[in-house]
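Next up, coords28.cif (mmCIF, C-alpha atoms):
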```cif
data_coords
#
loop_
_atom_site.label_atom_id
_atom_site.label_comp_id
_atom_site.auth_asym_id
_atom_site.auth_seq_id
_atom_site.Cartn_x
_atom_site.Cartn_y
_atom_site.Cartn_z
CA MET A 25 58.76 105.39 109.99
CA THR A 26 60.87 102.25 110.32
CA SER A 27 64.29 101.88 111.85
CA SER A 28 65.68 100.72 108.50
CA GLU A 29 64.89 104.04 106.88
CA VAL A 30 68.17 105.68 105.99
CA ALA A 31 68.99 109.31 105.53
CA ALA A 32 72.20 109.58 103.55
CA ARG A 33 73.33 113.17 103.45
CA GLU A 34 75.04 115.03 100.64
CA VAL A 35 78.83 114.79 101.01
CA LEU A 36 80.41 118.20 100.62
CA ARG A 37 83.22 118.60 98.15
CA TYR A 38 86.20 120.86 98.43
CA PRO A 39 86.25 123.92 98.08
CA HIS A 40 83.13 124.01 100.29
CA PRO A 41 84.20 126.21 103.23
CA SER A 42 82.80 123.85 105.89
CA LEU A 43 85.64 121.45 105.07
CA LYS A 44 88.21 123.97 106.30
CA GLN A 45 86.60 124.80 109.66
CA ARG A 46 87.61 123.78 113.12
CA CYS A 47 84.66 121.84 114.57
CA GLU A 48 83.10 122.29 118.00
CA PRO A 49 82.95 119.65 120.76
CA ILE A 50 79.56 118.04 121.26
CA ALA A 51 77.81 116.59 124.33
CA PRO A 52 75.76 113.37 124.35
CA GLY A 53 72.15 113.97 123.44
CA ALA A 54 69.70 114.19 120.58
CA GLU A 55 71.98 116.24 118.32
CA LEU A 56 74.88 113.82 118.67
CA ASP A 57 72.53 110.89 117.99
CA ARG A 58 71.23 112.56 114.85
CA VAL A 59 74.70 113.48 113.50
CA ALA A 60 76.02 109.99 114.28
CA ARG A 61 73.10 108.34 112.48
CA ASP A 62 73.42 110.62 109.46
CA LEU A 63 77.16 109.93 109.24
CA LEU A 64 76.61 106.21 109.47
CA ASP A 65 73.84 106.20 106.86
CA THR A 66 75.95 108.34 104.54
CA MET A 67 79.06 106.18 104.96
CA ARG A 68 76.98 103.08 104.23
CA ALA A 69 75.69 104.68 101.04
CA PHE A 70 79.21 104.62 99.55
CA PRO A 71 80.51 101.08 99.12
CA GLY A 72 84.17 100.93 100.10
CA CYS A 73 83.97 104.03 102.27
CA VAL A 74 85.75 103.32 105.58
CA GLY A 75 85.13 106.57 107.41
CA LEU A 76 83.40 109.91 107.44
CA ALA A 77 83.62 113.04 109.55
CA ALA A 78 80.79 115.38 110.52
CA PRO A 79 82.01 118.44 108.56
CA GLN A 80 81.78 116.35 105.37
CA VAL A 81 77.99 116.42 105.80
CA ASP A 82 78.07 120.07 106.89
CA GLU A 83 77.81 119.46 110.63
CA LEU A 84 80.56 121.43 112.33
CA VAL A 85 80.84 119.20 115.40
CA ARG A 86 83.54 116.74 116.48
CA VAL A 87 82.03 113.42 115.41
CA ILE A 88 83.52 110.70 113.20
CA VAL A 89 82.54 107.24 112.06
CA VAL A 90 85.07 104.60 111.00
CA ASP A 91 84.57 100.99 109.99
CA VAL A 92 87.45 99.12 108.37
CA SER A 93 86.11 95.64 109.14
CA GLU A 94 85.36 94.91 105.47
CA HIS A 95 88.64 96.30 104.18
CA LYS A 96 91.37 93.99 102.98
CA LYS A 97 94.19 96.23 104.22
CA ALA A 98 92.93 96.28 107.82
CA THR A 99 95.15 94.57 110.39
CA THR A 100 93.14 95.67 113.41
CA SER A 101 89.43 96.37 113.42
CA HIS A 102 87.13 97.47 116.17
CA GLY A 103 84.18 97.12 113.84
CA LEU A 104 82.01 100.18 113.64
CA LEU A 105 83.37 103.11 115.64
CA VAL A 106 81.19 106.14 116.30
CA LEU A 107 83.27 108.64 118.23
CA ALA A 108 82.55 112.09 119.61
CA ASN A 109 85.30 114.52 120.62
CA PRO A 110 88.07 112.08 119.70
CA VAL A 111 91.62 112.96 120.75
CA VAL A 112 94.83 111.22 119.75
CA VAL A 113 96.76 110.64 122.97
CA GLU A 114 99.59 108.41 121.74
CA THR A 115 101.21 107.72 118.40
CA SER A 116 104.16 105.68 117.26
CA GLY A 117 105.77 104.61 114.03
CA ASP A 118 105.10 106.07 110.64
CA GLU A 119 104.54 104.83 107.13
CA LEU A 120 103.30 106.04 103.78
CA GLY A 121 99.91 104.80 102.63
CA ARG A 122 97.43 105.69 99.91
CA GLU A 123 94.41 107.81 100.90
CA GLY A 124 91.40 109.15 99.11
CA CYS A 125 88.48 111.22 100.32
CA LEU A 126 84.83 111.56 99.24
CA SER A 127 85.29 115.32 99.55
CA ILE A 128 88.20 115.32 97.04
CA PRO A 129 87.06 112.68 94.57
CA ASP A 130 89.62 113.29 91.83
CA LEU A 131 92.86 112.70 93.71
CA THR A 132 94.52 110.18 95.94
CA ALA A 133 97.87 110.57 97.64
CA ASN A 134 100.44 108.76 99.66
CA VAL A 135 100.33 110.26 103.12
CA ARG A 136 102.65 109.63 106.04
CA ARG A 137 100.75 108.57 109.18
CA ALA A 138 101.50 106.94 112.51
CA THR A 139 101.22 103.15 112.44
CA SER A 140 99.98 102.73 115.97
CA ILE A 141 97.72 105.13 117.88
CA ARG A 142 95.61 105.45 120.99
CA VAL A 143 92.47 107.57 120.69
CA GLU A 144 90.24 108.64 123.55
CA ALA A 145 86.68 109.63 122.79
CA LEU A 146 83.08 109.65 123.91
CA THR A 147 80.49 107.23 122.54
CA PRO A 148 77.03 108.53 121.62
CA ALA A 149 75.84 106.78 124.83
CA GLY A 150 78.16 109.04 126.80
CA GLU A 151 80.80 106.48 127.75
CA ASN A 152 84.51 107.29 127.64
CA VAL A 153 86.39 104.88 125.43
CA ALA A 154 90.03 104.35 124.52
CA ILE A 155 90.79 102.74 121.16
CA GLU A 156 94.14 101.26 120.25
CA ALA A 157 94.44 100.94 116.51
CA GLU A 158 97.15 100.04 114.06
CA GLY A 159 97.92 100.27 110.39
CA PHE A 160 94.98 100.95 108.12
CA GLU A 161 92.50 101.45 110.97
CA ALA A 162 94.86 103.97 112.59
CA ARG A 163 95.21 105.72 109.23
CA ALA A 164 91.42 105.90 108.77
CA LEU A 165 90.98 107.35 112.26
CA LEU A 166 93.74 109.94 111.76
CA HIS A 167 92.31 110.97 108.38
CA GLU A 168 88.82 111.50 109.89
CA LEU A 169 90.25 113.24 112.97
CA ASP A 170 92.04 115.71 110.67
CA HIS A 171 88.68 116.67 109.14
CA LEU A 172 87.56 117.95 112.56
CA ASP A 173 90.32 120.56 112.39
CA GLY A 174 89.77 121.47 108.73
CA ILE A 175 92.83 119.50 107.63
CA LEU A 176 92.58 117.57 104.36
CA PHE A 177 94.98 114.94 103.10
CA LEU A 178 96.26 117.50 100.58
CA ASP A 179 97.79 119.30 103.57
CA ARG A 180 99.88 116.23 104.35
CA VAL A 181 101.25 115.36 100.91
CA ALA A 182 105.01 115.67 101.06
CA SER A 183 105.81 115.70 97.36
CA ARG A 184 104.30 115.52 93.91
CA ALA A 185 105.54 111.95 93.55
CA ASP A 186 102.94 111.04 96.19
CA LEU A 187 99.97 112.47 94.31
CA PHE A 188 97.74 110.55 91.92
CA ALA A 189 94.75 111.43 89.79
CA ARG A 190 91.97 108.90 89.78
CA LYS A 191 88.67 108.04 88.29
CA ARG A 192 85.88 109.00 90.64
CA TYR A 193 84.43 106.31 92.80
CA ALA A 194 81.91 108.68 94.26
CA MET B 16 149.11 117.67 80.59
CA SER B 17 145.66 118.11 79.25
CA VAL B 18 142.26 117.54 80.68
CA ALA B 19 139.44 116.62 78.33
CA ALA B 20 137.23 119.65 78.44
CA VAL B 21 133.48 119.30 78.65
CA ARG B 22 130.78 121.81 78.14
CA SER B 23 127.29 121.88 79.61
CA PHE B 24 124.05 122.26 77.75
CA VAL B 25 120.42 122.34 78.74
CA LEU B 26 118.17 120.31 76.48
CA THR B 27 114.40 120.79 76.58
CA ALA B 28 111.87 118.94 74.51
CA THR B 29 108.11 118.50 74.51
CA GLY B 30 105.91 116.27 72.45
CA ARG B 31 102.46 114.81 72.52
CA ASP B 32 102.88 111.86 74.82
CA ARG B 33 103.51 108.47 73.19
CA PRO B 34 105.97 105.62 73.69
CA GLY B 35 109.46 106.18 72.28
CA ILE B 36 110.22 109.86 72.94
CA VAL B 37 112.90 109.25 75.57
CA ALA B 38 114.41 106.42 73.53
CA ALA B 39 114.66 108.53 70.37
CA VAL B 40 116.14 111.59 72.08
CA THR B 41 118.66 109.65 74.15
CA ARG B 42 119.73 107.63 71.07
CA VAL B 43 121.17 110.80 69.56
CA LEU B 44 122.90 111.69 72.81
CA LEU B 45 124.41 108.23 73.20
CA ASP B 46 125.66 108.20 69.60
CA HIS B 47 127.61 111.39 70.30
CA GLY B 48 129.07 110.35 73.63
CA VAL B 49 126.97 112.98 75.37
CA ASN B 50 126.50 112.39 79.08
CA LEU B 51 123.08 112.90 80.71
CA GLU B 52 123.46 114.58 84.06
CA ASP B 53 120.34 115.69 85.96
CA ALA B 54 117.06 115.04 84.17
CA GLU B 55 113.37 115.56 84.84
CA MET B 56 110.68 114.22 82.56
CA ALA B 57 106.94 114.22 83.11
CA ILE B 58 103.60 114.17 81.35
CA LEU B 59 101.91 117.55 81.59
CA ARG B 60 98.31 117.39 80.42
CA GLY B 61 99.14 114.95 77.64
CA HIS B 62 102.44 116.55 76.62
CA PHE B 63 105.63 114.76 77.53
CA ALA B 64 108.21 117.26 78.75
CA ILE B 65 111.95 116.70 79.06
CA VAL B 66 114.45 118.97 80.76
CA LEU B 67 117.97 117.73 81.15
CA VAL B 68 121.49 118.93 81.70
CA LEU B 69 124.07 117.39 79.39
CA SER B 70 127.81 117.32 79.51
CA VAL B 71 129.22 117.29 76.02
CA PRO B 72 132.79 116.45 74.96
CA ASP B 73 134.51 119.57 73.74
CA GLU B 74 135.29 118.15 70.33
CA LEU B 75 131.62 117.57 69.55
CA GLY B 76 130.16 120.22 67.34
CA GLU B 77 127.22 121.97 68.90
CA ALA B 78 125.70 122.63 65.48
CA GLN B 79 125.78 118.97 64.56
CA LEU B 80 124.16 117.88 67.83
CA ARG B 81 121.45 120.48 67.44
CA GLU B 82 120.80 119.44 63.88
CA GLU B 83 120.38 115.79 64.79
CA LEU B 84 118.09 116.60 67.72
CA GLU B 85 115.98 118.72 65.42
CA ALA B 86 115.84 115.84 62.93
CA VAL B 87 114.52 113.59 65.72
CA GLY B 88 112.02 116.31 66.53
CA ARG B 89 110.75 116.27 62.95
CA ASP B 90 110.63 112.46 62.75
CA LEU B 91 108.78 111.73 65.98
CA PRO B 92 107.44 114.49 65.81
CA LEU B 93 108.14 116.68 68.85
CA GLU B 94 106.49 120.04 69.48
CA ALA B 95 109.74 121.74 70.46
CA VAL B 96 113.41 121.00 71.03
CA THR B 97 115.94 123.46 72.38
CA LEU B 98 119.61 123.13 73.13
CA SER B 99 121.29 125.91 75.08
CA ALA B 100 124.92 126.24 76.12
CA VAL B 101 125.02 126.98 79.84
CA GLU B 102 127.65 127.63 82.46
CA ARG B 103 128.97 124.43 83.97
CA LEU B 104 127.92 124.33 87.62
CA ALA B 105 129.04 121.81 90.16
CA VAL B 106 126.81 122.97 92.99
CA GLU B 107 124.32 120.62 94.53
CA SER B 108 120.69 121.64 94.71
CA PRO B 109 119.74 123.25 97.99
CA GLU B 110 118.14 120.77 100.36
CA PRO B 111 114.42 121.50 100.76
CA THR B 112 113.41 122.27 104.34
CA HIS B 113 109.62 122.54 103.94
CA ALA B 114 106.78 121.18 101.82
CA ILE B 115 103.91 123.51 101.00
CA SER B 116 100.43 122.59 99.74
CA VAL B 117 98.31 125.25 98.05
CA TYR B 118 94.83 124.42 96.82
CA GLY B 119 91.59 126.11 95.98
CA ALA B 120 89.03 126.77 93.31
CA ASP B 121 90.88 127.37 90.04
CA ARG B 122 91.54 131.04 89.32
CA PRO B 123 94.32 133.05 87.68
CA GLY B 124 97.26 134.21 89.76
CA ILE B 125 97.65 131.46 92.35
CA VAL B 126 101.18 130.43 91.34
CA HIS B 127 102.32 133.99 90.88
CA GLY B 128 100.84 135.19 94.15
CA VAL B 129 102.49 132.44 96.19
CA ALA B 130 105.80 132.62 94.30
CA GLU B 131 106.05 136.37 94.67
CA ALA B 132 105.41 136.22 98.41
CA LEU B 133 108.06 133.52 98.79
CA ALA B 134 110.56 135.44 96.67
CA ARG B 135 110.03 138.58 98.73
CA HIS B 136 111.22 136.64 101.77
CA GLU B 137 114.14 134.97 100.00
CA VAL B 138 112.49 131.55 100.14
CA ASN B 139 114.00 129.33 97.45
CA VAL B 140 111.61 127.13 95.47
CA VAL B 141 113.40 123.84 94.71
CA ASP B 142 110.45 121.86 93.36
CA LEU B 143 107.04 122.94 92.15
CA SER B 144 104.24 121.16 90.39
CA THR B 145 100.61 121.99 89.80
CA ARG B 146 97.55 120.08 88.74
CA VAL B 147 94.01 121.11 87.85
CA VAL B 148 91.57 118.31 88.66
CA GLY B 149 87.85 117.70 88.59
CA ASP B 150 84.78 118.90 86.73
CA ASP B 151 84.45 121.75 89.17
CA PRO B 152 88.18 122.36 88.93
CA ILE B 153 90.40 122.41 91.97
CA TYR B 154 93.83 123.88 91.51
CA LEU B 155 96.55 122.15 93.48
CA MET B 156 100.16 123.27 93.80
CA LEU B 157 102.83 121.40 95.70
CA LEU B 158 106.15 123.03 96.48
CA GLU B 159 109.36 122.10 98.17
CA VAL B 160 111.24 125.10 99.43
CA THR B 161 114.36 126.06 101.35
CA LEU B 162 113.94 128.72 103.99
CA PRO B 163 116.63 131.36 104.50
CA PRO B 164 118.12 131.53 108.02
CA SER B 165 116.12 134.70 108.63
CA LEU B 166 112.78 132.83 108.40
CA ASP B 167 111.53 130.09 110.72
CA THR B 168 108.53 127.77 110.37
CA ALA B 169 106.24 130.07 112.35
CA ALA B 170 107.15 133.02 110.13
CA LEU B 171 106.54 130.89 107.03
CA ASP B 172 103.13 129.85 108.38
CA GLU B 173 102.22 133.46 109.01
CA LEU B 174 103.38 134.51 105.56
CA LEU B 175 101.43 131.70 103.87
CA GLU B 176 98.30 132.36 105.89
CA ARG B 177 98.33 135.95 104.65
CA VAL B 178 98.93 134.90 101.04
CA GLY B 179 96.18 132.29 101.23
CA ARG B 180 93.72 134.86 102.54
CA GLU B 181 94.64 137.33 99.80
CA LEU B 182 94.31 134.74 97.04
CA GLY B 183 91.30 132.91 98.48
CA VAL B 184 93.13 129.56 98.59
CA ASP B 185 94.09 127.13 101.32
CA VAL B 186 97.78 126.95 102.11
CA SER B 187 99.66 124.77 104.57
CA ALA B 188 103.33 124.00 105.19
CA ARG B 189 105.20 121.40 107.12
CA ALA B 190 108.86 120.87 107.91
CA LEU B 191 110.43 118.03 105.98
CA ASP B 192 111.95 115.56 108.38
CA ARG B 193 115.12 114.02 107.18
CA ASP B 194 115.41 110.36 107.95
CA VAL B 195 118.56 109.81 109.96
CA LEU B 196 120.09 106.38 109.67
#
```

Would it be possible to restate this file's structure as structure tokens?
Amino acid sequence: MTSSEVAAREVLRYPHPSLKQRCEPIAPGAELDRVARDLLDTMRAFPGCVGLAAPQVDELVRVIVVDVSEHKKATTSHGLLVLANPVVVETSGDELGREGCLSIPDLTANVRRATSIRVEALTPAGENVAIEAEGFEARALLHELDHLDGILFLDRVASRADLFARKRYA
Amino acid sequence: MSVAAVRSFVLTATGRDRPGIVAAVTRVLLDHGVNLEDAEMAILRGHFAIVLVLSVPDELGEAQLREELEAVGRDLPLEAVTLSAVERLAVESPEPTHAISVYGADRPGIVHGVAEALARHEVNVVDLSTRVVGDDPIYLMLLEVTLPPSLDTAALDELLERVGRELGVDVSARALDRDVL
């Protein structure tokens, strides 16, 4: 086995029940390492994908990956973020922005999110980190964080004018 | 002293979507000095649907207006045109207080189940739209509603949670914040 071997997992689609569950906290260790690697490999398998949450690959633990560094809308980027037990501790501002989701491939929607956030989390190595993110990176983090509580972007659409059908990219 | 009397009508029309439907229908209205008040128009699964409230000068013959609208319907063609005299109401629409998302695997009875539960608690639906999307279809319904004073957000959440469980769909609501300038 080589380190370049990837193990992209199947991405669950709504209405799979795992997408509506509240996920459990996870401690550093072999399980966290495995989930983090699977999430990363799966995210990398979808060009343009900027984030993924553990329940999307049927792991009901509080782990997300986000990487907006290649995205043209990003104003801040911390590169690849692999976060366990992330918690939003501060938010400010709000704006509408377009979101899609691999688990709901046929729709996108304008969703209102904070423009500036501070997230505290654990890295897979067991370090506590605090991330300050803005704009698109903040949006990606908040979208993935919602998944850990079974919340999909459809739960945050304010009106039908904000909803759009789309061709699948997945 | 005399005040020019006006009457109100509701006009509905649907037709297979194509450019020119709105232009053709409103041409007739303009030619007769009919005033468009509130209007909603949207494409529903390939059919363009128009609902609008008109104010019509009293001297205009209803029969003549109907006839010309029906002629437009034949020419375009439209699938249906109706013109109904209605009571003239000045009231503003109730301000929505909450947005509700309902979604789940497509099955019969989702709209009815949610609407009936809301009606039972005097919740007024002010906007509702639904979409069925995907090969493995997901049914999505978005509503804007006005809660009666007797119901608060927590009670709405509880009510929707129960309805969602009964119907096997996911339901969530949030208060609509009004931007204050």

### Message
Residue by residue, what does the PyMOL selection byres ((chain A) within 10 of (chain B)) grab here? Present the result as JSON, numbers by chain.
### Response
{"A": [37, 38, 39, 40, 44, 128, 129, 130, 131, 175, 177, 178, 179, 180, 181, 182, 183, 184, 185, 187, 189, 190, 191, 192]}

### Task
Identify, on the basis of all atoms listed in the file, every residue whose closest approach to range 82-88 of chain B does not exceed 12 Å; exclude the query and any residue fewer than 5 positions from it along the same chain; express the result as a ChimeraX atom specification.
/B:26-31,35-47,76-77,93-98

### Query
Which distance in Å separates CA of Asp53 in chain B and CA of Val68 in chain B, to one decimal?
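These atoms are spaced 5.5 Å apart.
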
### Expansion of the PyMOL selection byres ((chain A and resi 45-50) around 6) into residues, as a list in words
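Matching residues under the PyMOL selection byres ((chain A and resi 45-50) around 6) are Ser42, Leu43, Lys44, Ala51, Leu84, Val85, Arg86, Asn109, Leu172, Asp173 and Gly174 of chain A.
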
### Task
Tell me which protein, DNA and RNA residues are within 9 Å of range 64-77 of chain A, counting all atoms listed in the file, leaving out same-chain ones fewer than 3 positions away, and put them as an MDAnalysis selection string.
chainID A and resid 30:35 59:61 80:81 83 85:95 106 125:126 161 164:165 167:172 193:194

### For CA of Gly117 in chain A and CA of Ile141 in chain A, the interatomic separation in Å (one decimal)
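So the two atoms, CA of Gly117 in chain A and CA of Ile141 in chain A, lie 8.9 Å apart.
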
Writing all heavy atoms and nothing else, produce range 87-98 of chain A as a short mmCIF file (atom, residue, chain, number, x, y, z; two decimals), in the first residue's frame.
```
data_model
loop_
_atom_site.label_atom_id
_atom_site.label_comp_id
_atom_site.auth_asym_id
_atom_site.auth_seq_id
_atom_site.Cartn_x
_atom_site.Cartn_y
_atom_site.Cartn_z
N VAL A 87 -16.81 15.75 12.39
CA VAL A 87 -15.58 16.03 11.64
C VAL A 87 -15.96 16.68 10.31
O VAL A 87 -16.89 16.22 9.64
CB VAL A 87 -14.78 14.74 11.33
CG1 VAL A 87 -13.44 15.09 10.68
CG2 VAL A 87 -14.56 13.92 12.59
N ILE A 88 -15.25 17.76 9.96
CA ILE A 88 -15.45 18.39 8.65
C ILE A 88 -14.11 18.66 7.98
O ILE A 88 -13.08 18.76 8.66
CB ILE A 88 -16.22 19.73 8.75
CG1 ILE A 88 -15.42 20.77 9.56
CG2 ILE A 88 -17.60 19.53 9.38
CD1 ILE A 88 -16.02 22.18 9.53
N VAL A 89 -14.15 18.73 6.67
CA VAL A 89 -12.98 19.23 5.92
C VAL A 89 -13.45 20.39 5.04
O VAL A 89 -14.56 20.35 4.49
CB VAL A 89 -12.31 18.15 5.04
CG1 VAL A 89 -11.70 17.06 5.90
CG2 VAL A 89 -13.28 17.54 4.05
N VAL A 90 -12.63 21.42 4.96
CA VAL A 90 -12.93 22.58 4.11
C VAL A 90 -11.64 23.02 3.46
O VAL A 90 -10.57 23.03 4.10
CB VAL A 90 -13.53 23.75 4.96
CG1 VAL A 90 -13.50 25.06 4.17
CG2 VAL A 90 -14.96 23.43 5.39
N ASP A 91 -11.72 23.32 2.17
CA ASP A 91 -10.56 23.91 1.49
C ASP A 91 -11.07 24.81 0.37
O ASP A 91 -11.52 24.33 -0.66
CB ASP A 91 -9.66 22.81 0.92
CG ASP A 91 -8.37 23.39 0.32
OD1 ASP A 91 -8.26 24.64 0.23
OD2 ASP A 91 -7.49 22.60 -0.05
N VAL A 92 -10.99 26.12 0.61
CA VAL A 92 -11.49 27.07 -0.40
C VAL A 92 -10.34 27.72 -1.17
O VAL A 92 -10.55 28.66 -1.92
CB VAL A 92 -12.38 28.17 0.24
CG1 VAL A 92 -13.59 27.56 0.93
CG2 VAL A 92 -11.59 29.05 1.19
N SER A 93 -9.12 27.20 -0.96
CA SER A 93 -7.95 27.89 -1.52
C SER A 93 -7.97 28.00 -3.04
O SER A 93 -7.38 28.91 -3.61
CB SER A 93 -6.65 27.24 -1.04
OG SER A 93 -6.64 25.87 -1.39
N GLU A 94 -8.67 27.07 -3.70
CA GLU A 94 -8.72 27.11 -5.17
C GLU A 94 -9.95 27.86 -5.69
O GLU A 94 -10.17 27.93 -6.90
CB GLU A 94 -8.76 25.68 -5.73
CG GLU A 94 -7.58 24.82 -5.35
CD GLU A 94 -6.30 25.29 -6.04
OE1 GLU A 94 -6.35 25.57 -7.25
OE2 GLU A 94 -5.27 25.40 -5.35
N HIS A 95 -10.77 28.37 -4.77
CA HIS A 95 -12.04 28.93 -5.21
C HIS A 95 -11.96 30.43 -5.45
O HIS A 95 -11.44 31.16 -4.63
CB HIS A 95 -13.12 28.63 -4.18
CG HIS A 95 -14.51 28.68 -4.75
ND1 HIS A 95 -15.16 29.87 -4.95
CD2 HIS A 95 -15.34 27.71 -5.20
CE1 HIS A 95 -16.36 29.62 -5.49
NE2 HIS A 95 -16.48 28.32 -5.65
N LYS A 96 -12.53 30.85 -6.57
CA LYS A 96 -12.39 32.26 -6.95
C LYS A 96 -13.14 33.22 -6.03
O LYS A 96 -12.81 34.39 -5.95
CB LYS A 96 -12.83 32.47 -8.41
CG LYS A 96 -14.27 32.10 -8.72
CD LYS A 96 -14.55 32.28 -10.21
CE LYS A 96 -16.01 32.18 -10.58
NZ LYS A 96 -16.74 31.02 -10.06
N LYS A 97 -14.16 32.73 -5.33
CA LYS A 97 -14.92 33.62 -4.45
C LYS A 97 -14.25 33.81 -3.08
O LYS A 97 -14.70 34.61 -2.28
CB LYS A 97 -16.32 33.04 -4.20
CG LYS A 97 -17.28 33.20 -5.36
CD LYS A 97 -18.68 32.81 -4.88
CE LYS A 97 -19.58 32.44 -6.04
NZ LYS A 97 -20.72 31.61 -5.58
N ALA A 98 -13.22 33.04 -2.79
CA ALA A 98 -12.63 33.07 -1.44
C ALA A 98 -11.87 34.37 -1.20
O ALA A 98 -11.07 34.78 -2.02
CB ALA A 98 -11.72 31.87 -1.26
#
```
